[in-house]
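Raw structure.txt, compact mmCIF, C-alpha atoms:
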```txt
# COMPACT_ATOMS: atom_id res chain seq x y z
CA MET A 12 -13.40 -38.79 -36.59
CA LYS A 13 -10.86 -38.06 -33.90
CA THR A 14 -10.24 -40.81 -31.38
CA GLU A 15 -11.04 -38.69 -28.32
CA ARG A 16 -14.36 -37.57 -29.84
CA PHE A 17 -15.22 -41.18 -30.64
CA PHE A 18 -14.56 -42.31 -27.07
CA ILE A 19 -16.59 -39.44 -25.57
CA ARG A 20 -19.49 -40.08 -27.96
CA PHE A 21 -19.30 -43.82 -27.21
CA ILE A 22 -19.60 -43.21 -23.45
CA LYS A 23 -22.41 -40.68 -23.90
CA SER A 24 -24.46 -42.95 -26.16
CA PHE A 25 -23.95 -45.93 -23.82
CA ILE A 26 -25.20 -43.96 -20.81
CA TYR A 27 -28.07 -42.50 -22.87
CA PHE A 28 -29.17 -45.94 -24.08
CA ILE A 29 -28.98 -47.47 -20.59
CA CYS A 30 -31.01 -44.58 -19.14
CA TRP A 31 -33.75 -45.22 -21.71
CA ILE A 32 -33.75 -48.94 -20.90
CA PHE A 33 -34.11 -48.19 -17.18
CA ILE A 34 -36.95 -45.71 -17.83
CA ILE A 35 -38.80 -48.25 -19.98
CA LEU A 36 -38.27 -50.98 -17.38
CA ILE A 37 -39.52 -48.72 -14.58
CA LEU A 38 -42.65 -47.88 -16.57
CA MET A 39 -43.27 -51.54 -17.38
CA MET A 40 -42.86 -52.46 -13.70
CA ALA A 41 -45.17 -49.63 -12.63
CA PHE A 42 -47.95 -50.87 -14.91
CA ASN A 43 -47.34 -54.54 -14.06
CA GLN A 44 -46.35 -55.38 -17.65
CA THR A 45 -43.24 -57.36 -16.72
CA GLU A 46 -41.98 -59.70 -14.06
CA MET A 47 -38.40 -58.55 -14.69
CA THR A 48 -36.55 -56.66 -11.94
CA PHE A 49 -33.36 -54.62 -11.99
CA VAL A 50 -31.42 -57.59 -10.62
CA ASP A 51 -32.49 -59.61 -13.66
CA LEU A 52 -30.57 -57.17 -15.87
CA PHE A 53 -27.33 -58.44 -14.36
CA ILE A 54 -27.89 -62.18 -13.83
CA THR A 55 -30.16 -63.48 -16.60
CA LYS A 56 -29.22 -64.32 -20.16
CA ASN A 57 -31.65 -61.72 -21.56
CA GLY A 58 -30.29 -59.04 -19.24
CA LEU A 59 -26.72 -59.72 -20.30
CA PHE A 60 -27.83 -59.74 -23.95
CA LEU A 61 -29.31 -56.27 -23.39
CA TRP A 62 -25.98 -55.02 -22.01
CA GLY A 63 -24.20 -56.50 -25.04
CA PHE A 64 -26.67 -54.83 -27.40
CA ALA A 65 -26.12 -51.50 -25.59
CA LEU A 66 -22.37 -51.89 -26.00
CA VAL A 67 -22.57 -52.67 -29.73
CA PHE A 68 -25.10 -49.88 -30.32
CA SER A 69 -22.85 -47.42 -28.51
CA LEU A 70 -19.81 -48.46 -30.53
CA VAL A 71 -21.63 -47.97 -33.83
CA TYR A 72 -23.65 -44.82 -33.04
CA PRO A 73 -20.76 -42.30 -33.26
CA PHE A 74 -20.25 -43.32 -36.91
CA TYR A 75 -23.84 -42.79 -38.07
CA GLY A 76 -25.04 -40.22 -35.54
CA TYR A 77 -22.87 -37.43 -36.94
CA CYS A 78 -22.40 -36.37 -40.54
CA ARG A 79 -21.40 -33.75 -43.08
CA ARG A 80 -23.55 -32.63 -46.01
CA ASN A 81 -22.74 -30.32 -48.90
CA LEU A 82 -24.97 -27.35 -49.59
CA ASN A 83 -26.15 -26.53 -53.09
CA ALA A 84 -25.15 -22.88 -52.70
CA THR A 85 -22.56 -20.79 -50.91
CA ALA A 86 -23.39 -20.27 -47.27
CA THR A 87 -21.88 -16.77 -47.14
CA GLU A 88 -24.50 -15.51 -49.62
CA HIS A 89 -27.39 -16.92 -47.57
CA ILE A 90 -26.40 -16.28 -43.94
CA GLU A 91 -29.77 -14.75 -43.04
CA ALA A 92 -31.64 -17.75 -44.45
CA LEU A 93 -29.34 -20.15 -42.58
CA ASP A 94 -29.96 -18.22 -39.35
CA ASN A 95 -33.73 -18.51 -39.84
CA ILE A 96 -33.46 -22.23 -40.65
CA ALA A 97 -31.31 -22.84 -37.57
CA LEU A 98 -33.71 -20.85 -35.41
CA ARG A 99 -36.61 -23.03 -36.58
CA SER A 100 -34.56 -26.07 -35.54
CA GLY A 101 -33.96 -24.64 -32.08
CA LEU A 102 -30.37 -23.56 -32.78
CA LYS A 103 -28.83 -20.13 -32.40
CA ARG A 104 -25.68 -18.65 -33.87
CA VAL A 105 -22.87 -18.37 -31.35
CA ASN A 106 -19.79 -17.77 -33.47
CA THR A 107 -19.01 -16.43 -36.93
CA ASP A 108 -15.59 -16.49 -38.55
CA LEU A 109 -14.47 -15.59 -42.04
CA ASN A 110 -15.48 -18.93 -43.57
CA SER A 111 -17.54 -20.62 -40.85
CA ILE A 112 -20.64 -20.25 -38.71
CA GLU A 113 -21.28 -22.16 -35.50
CA TYR A 114 -24.77 -22.89 -34.16
CA ARG A 115 -25.64 -24.36 -30.76
CA ALA A 116 -28.83 -25.56 -29.14
CA GLY A 117 -30.97 -22.75 -27.76
CA ASN A 118 -32.21 -24.43 -24.57
CA ILE A 119 -31.06 -27.00 -22.05
CA LEU A 120 -33.65 -29.65 -23.04
CA LYS A 121 -32.39 -29.67 -26.63
CA LYS A 122 -28.80 -29.90 -25.37
CA ILE A 123 -29.69 -32.92 -23.24
CA LEU A 124 -31.52 -34.63 -26.10
CA LEU A 125 -28.47 -34.07 -28.31
CA GLN A 126 -26.20 -35.38 -25.51
CA PHE A 127 -24.45 -31.99 -25.34
CA GLU A 128 -23.12 -32.66 -28.86
CA ASP A 129 -25.19 -29.73 -30.08
CA ARG A 130 -22.69 -27.89 -32.29
CA VAL A 131 -23.61 -27.50 -35.96
CA TYR A 132 -20.94 -25.99 -38.18
CA VAL A 133 -21.47 -24.37 -41.55
CA TYR A 134 -18.15 -23.80 -43.26
CA THR A 135 -16.51 -23.46 -46.65
CA ASP A 136 -13.98 -26.20 -47.44
CA GLU A 137 -10.77 -25.80 -49.45
CA ASN A 138 -12.65 -26.45 -52.73
CA GLY A 139 -15.07 -23.59 -52.11
CA ASN A 140 -18.04 -25.85 -51.26
CA SER A 141 -20.26 -24.99 -48.31
CA VAL A 142 -20.65 -27.85 -45.82
CA ILE A 143 -22.87 -28.41 -42.79
CA ALA A 144 -21.44 -30.73 -40.12
CA GLY A 145 -22.85 -31.91 -36.79
CA PRO A 146 -25.45 -34.30 -35.37
CA ARG A 147 -27.14 -36.15 -38.24
CA LYS A 148 -30.67 -35.20 -37.22
CA GLU A 149 -29.93 -31.48 -37.17
CA VAL A 150 -27.78 -31.51 -40.32
CA VAL A 151 -30.40 -33.34 -42.38
CA LYS A 152 -33.14 -30.96 -41.21
CA MET A 153 -31.05 -27.90 -42.06
CA VAL A 154 -30.02 -29.20 -45.49
CA PHE A 155 -33.61 -30.12 -46.38
CA ARG A 156 -34.91 -26.71 -45.28
CA PHE A 157 -32.08 -24.92 -47.08
CA ASP A 158 -32.80 -26.81 -50.31
CA THR A 159 -36.49 -25.93 -49.94
CA TYR A 160 -35.51 -22.28 -49.43
CA LEU A 161 -33.38 -22.35 -52.60
CA ILE A 162 -36.20 -23.91 -54.64
CA SER A 163 -38.76 -21.36 -53.41
CA LYS A 164 -36.33 -18.50 -54.07
CA GLU A 165 -35.70 -19.84 -57.59
CA ASN A 166 -39.45 -20.17 -58.27
CA ASN A 167 -40.10 -16.60 -57.08
CA ASN A 168 -37.51 -15.20 -59.49
```
Take the structure in the file and give it back as structure tokens.
Amino acid sequence: MKTERFFIRFIKSFIYFICWIFIILILMMAFNQTEMTFVDLFITKNGLFLWGFALVFSLVYPFYGYCRRNLNATATEHIEALDNIALRSGLKRVNTDLNSIEYRAGNILKKILLQFEDRVYVYTDENGNSVIAGPRKEVVKMVFRFDTYLISKENNN
């Protein structure tokens, strides 16, 4: 992973995690489920522990939040199936080159949930293998659906 991408993903995941903590704390305060206040996040031992956990989580997330997976077939032969699979995942094709296809999130909510790291690439590497790269959640869904498509196509033949 490139250093600049790591730093950007670190900052994004830190902000994302802290936003979720604040939302949960606001909800707990609204329903009188906690005596903790926002000031306690900065002065108590538990509050500082939470900031430390957020920092460690954000440092580790860029390594396991993004991945590459090999496909069991060539992507160029199954472009229509890949487009349908991506569409079911809320992604749409935005760019096609000779050996690569780029998908991006179809709506703003999905982009926000993916922290604007919504690019999924399907490309052919130097060995001739087709690879899907991008956010782990989207890559795993696409690979699973593509394998299911290949199995059903094989069973129909």
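Shortest separation to Phe157 (chain A) among A:Asn140, A:Phe127, A:Val71, A:Asn95 occurs at residue A:Asn95, atoms counted being all atoms listed in the file.
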>> What's around Lys122 (chain A) at 12 Å? Count all atoms listed in the file, leave out sequence neighbours fewer than 5 positions away in its own chain, and write the answer as a ChimeraX atom specification.
In response: /A:101-102,114-117,127-130,146,149
> If you count all atoms listed in the file, which residues fall within 12 Å of Phe17 (chain A), apart from same-chain ones fewer than 3 positions away, as a PyMOL selection string?
Replying inline: chain A and resi 12-14+20-24+69-77+128
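Minimum atom-to-atom distances from A:Glu46, A:Asp108, A:Asp136, A:Glu113 to Thr85 (chain A) were compared using all atoms listed in the file, and the lowest value belongs to A:Asp136.
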> Residues at most 6 Å from Tyr134 (chain A), counting all atoms listed in the file, excluding those fewer than 6 positions away in the same chain, as a PyMOL selection string?
Replying inline: chain A and resi 110-111+141-142
>> Give me the residues near Tyr160 (chain A) as number ranges by chain, where near means some atom within 12 Å (using all atoms listed in the file) and where sequence neighbours in that chain fewer than 4 positions away do not count.
In response: A: 82-84, 89, 91-93, 95-96, 153-156, 164-167
>> I want to know what sits within 10 Å of region 53-65 of chain A, based on only C-alpha atoms, with residues of the same chain fewer than 4 positions away left out; could you give that as a VMD selection string?
In response: chain A and resid 24 to 29 32 47 to 49 69 to 70
Centre and edge lengths, as AutoDock Vina command-line options, for the axis-aligned box enclosing every listed atom of region 130-135 of chain A with 4 Å of padding on each of the six sides, in Å to one decimal?
```
--center_x -20.1 --center_y -25.7 --center_z -39.5 --size_x 15.1 --size_y 12.4 --size_z 22.4
```
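Closest approach to Leu109 (chain A) among A:Leu125, A:Thr87, A:Ala97, A:Ile19 is made by A:Thr87 (distances from all atoms listed in the file).
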>> What does the structure give for the distance between CA of Gly145 (chain A) and CA of Tyr132 (chain A), in Å to one decimal?
In response: 6.4 Å
> If you measure from CA of Glu15 (chain A) to CA of Asn81 (chain A), what distance in Å do you get, rounded to one decimal?
Replying inline: 25.1 Å
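CA of Ile112 (chain A) lies 8.3 Å from CA of Val131 (chain A).
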Using the partial input, fill out region 119-143 of chain A with N, CA and C atoms; write the result as a compact mmCIF listing (two decimals), in the frame of the given file.
```
# COMPACT_ATOMS: atom_id res chain seq x y z
N ILE A 119 -31.72 -25.89 -22.73
CA ILE A 119 -31.06 -27.00 -22.05
C ILE A 119 -31.69 -28.34 -22.43
N LEU A 120 -33.01 -28.39 -22.67
CA LEU A 120 -33.65 -29.65 -23.04
C LEU A 120 -33.10 -30.17 -24.38
N LYS A 121 -32.95 -29.27 -25.34
CA LYS A 121 -32.39 -29.67 -26.63
C LYS A 121 -30.95 -30.14 -26.48
N LYS A 122 -30.18 -29.48 -25.61
CA LYS A 122 -28.80 -29.90 -25.37
C LYS A 122 -28.76 -31.30 -24.77
N ILE A 123 -29.65 -31.59 -23.85
CA ILE A 123 -29.69 -32.92 -23.24
C ILE A 123 -30.08 -33.96 -24.27
N LEU A 124 -31.09 -33.68 -25.08
CA LEU A 124 -31.52 -34.63 -26.10
C LEU A 124 -30.43 -34.89 -27.14
N LEU A 125 -29.59 -33.90 -27.38
CA LEU A 125 -28.47 -34.07 -28.31
C LEU A 125 -27.20 -34.51 -27.60
N GLN A 126 -27.32 -34.89 -26.33
CA GLN A 126 -26.20 -35.38 -25.51
C GLN A 126 -25.06 -34.36 -25.42
N PHE A 127 -25.40 -33.10 -25.39
CA PHE A 127 -24.45 -31.99 -25.34
C PHE A 127 -23.48 -31.99 -26.53
N GLU A 128 -23.83 -32.71 -27.57
CA GLU A 128 -23.12 -32.66 -28.86
C GLU A 128 -23.97 -31.80 -29.80
N ASP A 129 -24.20 -30.57 -29.42
CA ASP A 129 -25.19 -29.73 -30.08
C ASP A 129 -24.58 -28.70 -31.03
N ARG A 130 -23.34 -28.84 -31.39
CA ARG A 130 -22.69 -27.89 -32.29
C ARG A 130 -22.94 -28.28 -33.75
N VAL A 131 -23.44 -27.33 -34.51
CA VAL A 131 -23.61 -27.50 -35.96
C VAL A 131 -22.76 -26.44 -36.63
N TYR A 132 -21.85 -26.89 -37.49
CA TYR A 132 -20.94 -25.99 -38.18
C TYR A 132 -21.33 -25.86 -39.64
N VAL A 133 -21.32 -24.64 -40.13
CA VAL A 133 -21.47 -24.37 -41.55
C VAL A 133 -20.17 -23.70 -41.97
N TYR A 134 -19.45 -24.33 -42.87
CA TYR A 134 -18.15 -23.80 -43.26
C TYR A 134 -17.92 -24.01 -44.75
N THR A 135 -16.92 -23.31 -45.26
CA THR A 135 -16.51 -23.46 -46.65
C THR A 135 -15.20 -24.24 -46.67
N ASP A 136 -15.19 -25.36 -47.40
CA ASP A 136 -13.98 -26.20 -47.44
C ASP A 136 -12.97 -25.62 -48.43
N GLU A 137 -11.86 -26.31 -48.59
CA GLU A 137 -10.77 -25.80 -49.45
C GLU A 137 -11.16 -25.74 -50.92
N ASN A 138 -12.20 -26.48 -51.34
CA ASN A 138 -12.65 -26.45 -52.73
C ASN A 138 -13.68 -25.36 -53.00
N GLY A 139 -14.07 -24.63 -51.97
CA GLY A 139 -15.07 -23.59 -52.11
C GLY A 139 -16.50 -24.06 -51.92
N ASN A 140 -16.70 -25.32 -51.51
CA ASN A 140 -18.04 -25.85 -51.26
C ASN A 140 -18.46 -25.54 -49.83
N SER A 141 -19.73 -25.21 -49.65
CA SER A 141 -20.26 -24.99 -48.31
C SER A 141 -20.73 -26.32 -47.74
N VAL A 142 -20.38 -26.57 -46.48
CA VAL A 142 -20.65 -27.85 -45.82
C VAL A 142 -21.30 -27.58 -44.47
N ILE A 143 -22.28 -28.43 -44.13
CA ILE A 143 -22.87 -28.41 -42.79
C ILE A 143 -22.43 -29.69 -42.09
```
